[in-house]
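A quick write-up on the structure given underneath.
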Amino acid sequence: MPRVVVDVMLKPEILDPQGQAVANALPRLGVSDVASVRIGRRIEIEFTGEPDLDRAREIADKLLANPVIEDFTIRLVEADETADARS
Amino acid sequence: MTARVGVVTFPGSLDDGDAARAVRIAGAEPVRLWHGDPDLHGVDAVVLPGGFSYGDYLRCGAIARFAPVMETIVDAAQGGLPVLGICNGFQILCEAHLLPGALTRNQHLHFRNRDQVLRIESVGTAWTNVFQPGQEVLIPVKNGEGCYVADTATLDQLEAEGRVVARYVGGNPNGSQRDIAAITNAAGNVVGIMPHPEHAVEALTGPSLDGLGFFTSALKHLVGAPA
């Protein structure tokens, strides 16, 4: 069953303290060449029937993301497909 | 006739009892409202209390916005019903688009609880009319996601229209833009505040009695409002 993946990210101009905390911790791992880290949220939706991108977009816009501070993207993936393979 | 002020309980609300008590101490009759019941039972004003509605599992206030009681409150608020959102209630009001902007993780990522000085910037709202402009009050703050953000145009508009209701003084506990602690809608009947006035209504349990002014303001507003 294909699923709809919604990726929610804070808008670039909104401070991401979680990402910043991770970025600040990286030198302790010996990583010194990372300029910034932004942390978002990935949501996977499986419809009971055919995946409906319009419905998914509405769900994302009204509930999953707060458009005041967040952007989101929507895409269709096969259940056995990894996110890496798509990107 | 005693004013009736509704206090909504969502699953995860934890300051609803304190809010109801503050309403009673201020001289009104508290009416407990349930999130799943769209009926406001004829109340004259509504308080959305602090806590973690629906566990805040998605985003603070994001799910509470769709509670049956909120559908009614949004309509009533647009019609002039005084609504005060405290902490989680403020987050719900933003998610419901009754107030602009959003509340995000505290800039330093730490939960903050302390007694906080605020400066009352606007006394033209249903919830602040008993204060003096510029009056400083001492009210507890306790939040993990209390950082108020909005785009520059919105912030400028809030300032220009006198809709910044209170600002943090003596240190900003969460990184809120322009030290904003409370804002109001254009009509002045809906106010969202991050600190907790309901915890400053009795000498035994609070740092001051300053919080009472928010609740007595609503009563004064209702007396002056057309029936």
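A note on labels: chains of the structure tokens are A, B, ... as shown, every chain counts residues from 1, and ligands are counted from 1 in their shown order.
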- Task: Hey, list the chain B side of the contact with chain A: 12 Å cut-off, only C-alpha atoms, answer as a ChimeraX atom specification.
- Result: /B:57-66,91-92,94-97,99-110,145,147-152,154,174-177
Please identify all polymer residues within 12 Å of A:Ile43, counting only C-alpha atoms, omitting same-chain residues fewer than 3 positions from it, and present them as a JSON list (two decimals) with N, CA and C atoms, in the first residue's frame.
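Listing of around26.json after writing:
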```
[["chain", "number", "residue", "atom", "x", "y", "z"],
["A", 3, "ARG", "N", 2.08, 4.97, 0.65],
["A", 3, "ARG", "CA", 1.74, 5.90, 1.72],
["A", 3, "ARG", "C", 2.17, 7.31, 1.35],
["A", 4, "VAL", "N", 1.53, 8.28, 2.00],
["A", 4, "VAL", "CA", 1.86, 9.68, 1.77],
["A", 4, "VAL", "C", 2.80, 10.12, 2.89],
["A", 5, "VAL", "N", 3.92, 10.69, 2.50],
["A", 5, "VAL", "CA", 4.86, 11.20, 3.50],
["A", 5, "VAL", "C", 4.77, 12.71, 3.55],
["A", 6, "VAL", "N", 4.55, 13.22, 4.75],
["A", 6, "VAL", "CA", 4.52, 14.67, 4.97],
["A", 6, "VAL", "C", 5.75, 15.04, 5.78],
["A", 7, "ASP", "N", 6.56, 15.93, 5.23],
["A", 7, "ASP", "CA", 7.71, 16.44, 5.97],
["A", 7, "ASP", "C", 7.41, 17.86, 6.43],
["A", 8, "VAL", "N", 7.53, 18.07, 7.73],
["A", 8, "VAL", "CA", 7.25, 19.39, 8.30],
["A", 8, "VAL", "C", 8.56, 19.96, 8.83],
["A", 9, "MET", "N", 8.86, 21.18, 8.39],
["A", 9, "MET", "CA", 10.09, 21.86, 8.87],
["A", 9, "MET", "C", 9.73, 23.26, 9.34],
["A", 40, "GLY", "N", 13.20, 18.55, 11.82],
["A", 40, "GLY", "CA", 11.79, 18.60, 11.45],
["A", 40, "GLY", "C", 11.09, 17.34, 11.87],
["A", 46, "GLU", "N", -1.22, 6.42, 5.80],
["A", 46, "GLU", "CA", -1.73, 5.37, 4.93],
["A", 46, "GLU", "C", -3.25, 5.50, 4.84],
["A", 56, "ALA", "N", -4.46, 14.70, 1.91],
["A", 56, "ALA", "CA", -3.25, 14.74, 2.73],
["A", 56, "ALA", "C", -2.77, 16.18, 2.90],
["A", 59, "ILE", "N", -4.94, 17.83, 5.44],
["A", 59, "ILE", "CA", -4.60, 17.36, 6.80],
["A", 59, "ILE", "C", -3.32, 18.06, 7.27],
["A", 60, "ALA", "N", -2.36, 18.15, 6.36],
["A", 60, "ALA", "CA", -1.08, 18.76, 6.73],
["A", 60, "ALA", "C", -1.26, 20.24, 7.05],
["A", 63, "LEU", "N", -3.66, 20.51, 10.38],
["A", 63, "LEU", "CA", -3.34, 19.84, 11.64],
["A", 63, "LEU", "C", -1.84, 19.55, 11.83],
["A", 64, "LEU", "N", -1.23, 18.95, 10.81],
["A", 64, "LEU", "CA", 0.13, 18.45, 11.02],
["A", 64, "LEU", "C", 1.16, 19.57, 11.10],
["A", 65, "ALA", "N", 0.94, 20.64, 10.35],
["A", 65, "ALA", "CA", 1.86, 21.77, 10.37],
["A", 65, "ALA", "C", 1.11, 23.01, 10.81],
["A", 72, "PHE", "N", 5.64, 22.64, 4.83],
["A", 72, "PHE", "CA", 5.58, 21.19, 4.70],
["A", 72, "PHE", "C", 5.65, 20.79, 3.24],
["A", 73, "THR", "N", 6.10, 19.58, 2.99],
["A", 73, "THR", "CA", 6.07, 19.02, 1.65],
["A", 73, "THR", "C", 5.35, 17.67, 1.72],
["A", 74, "ILE", "N", 4.78, 17.28, 0.58],
["A", 74, "ILE", "CA", 4.00, 16.04, 0.52],
["A", 74, "ILE", "C", 4.50, 15.21, -0.65],
["A", 75, "ARG", "N", 4.67, 13.92, -0.44],
["A", 75, "ARG", "CA", 5.05, 13.05, -1.56],
["A", 75, "ARG", "C", 4.52, 11.64, -1.29],
["A", 76, "LEU", "N", 4.45, 10.90, -2.38],
["A", 76, "LEU", "CA", 3.93, 9.54, -2.33],
["A", 76, "LEU", "C", 5.12, 8.58, -2.35],
["A", 83, "ALA", "N", 13.06, 6.39, 2.49],
["A", 83, "ALA", "CA", 13.10, 7.82, 2.20],
["A", 83, "ALA", "C", 14.39, 8.15, 1.45],
["B", 58, "LEU", "N", 1.07, 16.54, 19.50],
["B", 58, "LEU", "CA", 1.44, 16.98, 18.16],
["B", 58, "LEU", "C", 2.17, 18.31, 18.23]]
```
- Polymer residues at most 10 Å from stretch 121-129 of chain B, only C-alpha atoms, same-chain spacing of 6 or more positions, as a PyMOL selection string: chain B and resi 45+80-84+135-136+159+161-167+180+182-192+213-222+225
- Query: At what distance in Å, to one decimal, does atom CA of B:Leu118 lie from atom CA of B:Tyr168?
  - Reply: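 Computed distance, atom CA of B:Tyr168 to atom CA of B:Leu118, equals 4.7 Å.
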- Between atom CA of B:Val69 and atom CA of B:Cys87, what is the spacing in Å? 18.1 Å
- Task: Rank B:Ala67, B:Leu40, B:Ile25, B:Val47 by their smallest atom-to-atom distance to B:Phe10, using only C-alpha atoms, and report the top residue only.
- Result: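 Using only C-alpha atoms, the shortest distance to B:Phe10 belongs to B:Ala67.
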- Go through chain A and collect every residue that DSSP, computed from the backbone, puts in alpha helix (DSSP H); the answer should be as a VMD selection string. chain A and resid 17 to 25 53 to 59 83 to 86
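Ranking B:Pro195, B:Ile73, B:Ala28, B:Val137 by their shortest atom-to-atom distance to B:Val8, with only C-alpha atoms included, puts B:Ile73 first.
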- Can you list, as a PyMOL selection string, every protein, DNA or RNA residue that comes within 6 Å of B:Val201 when you count only C-alpha atoms, leaving out same-chain residues fewer than 2 positions away? chain B and resi 199+209+211-212
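For the set B:Pro140, B:Gly55, B:Gly50, B:Gly6, the residue with the smallest atom-to-atom gap to B:Ala200 is B:Pro140, counting only C-alpha atoms.
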- Task: Find the distance between atom CA of B:Tyr54 and atom CA of B:Pro38 and write it in Å to one decimal.
- Result: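 Value for the atom CA of B:Tyr54-atom CA of B:Pro38 distance: 16.9 Å.
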- Task: Select from chain A everything DSSP, run on the backbone, classes as strand (DSSP E or B), then give the selection as a ChimeraX atom specification.
- Result: /A:3-10,41-45,70-77
- Leaving out A:Pro2 and any residue of its chain fewer than 3 positions from it, which residues lie within 7 Å of it when counting only C-alpha atoms, given as a ChimeraX atom specification? /A:51,76-79
- Go through B:Gly36, B:His41, B:Gly51, B:Asp16 and flag the residue nearest B:Met70, using only C-alpha atoms for the distances.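 Nearest candidate to B:Met70 out of B:Gly36, B:His41, B:Gly51, B:Asp16: B:Gly36.
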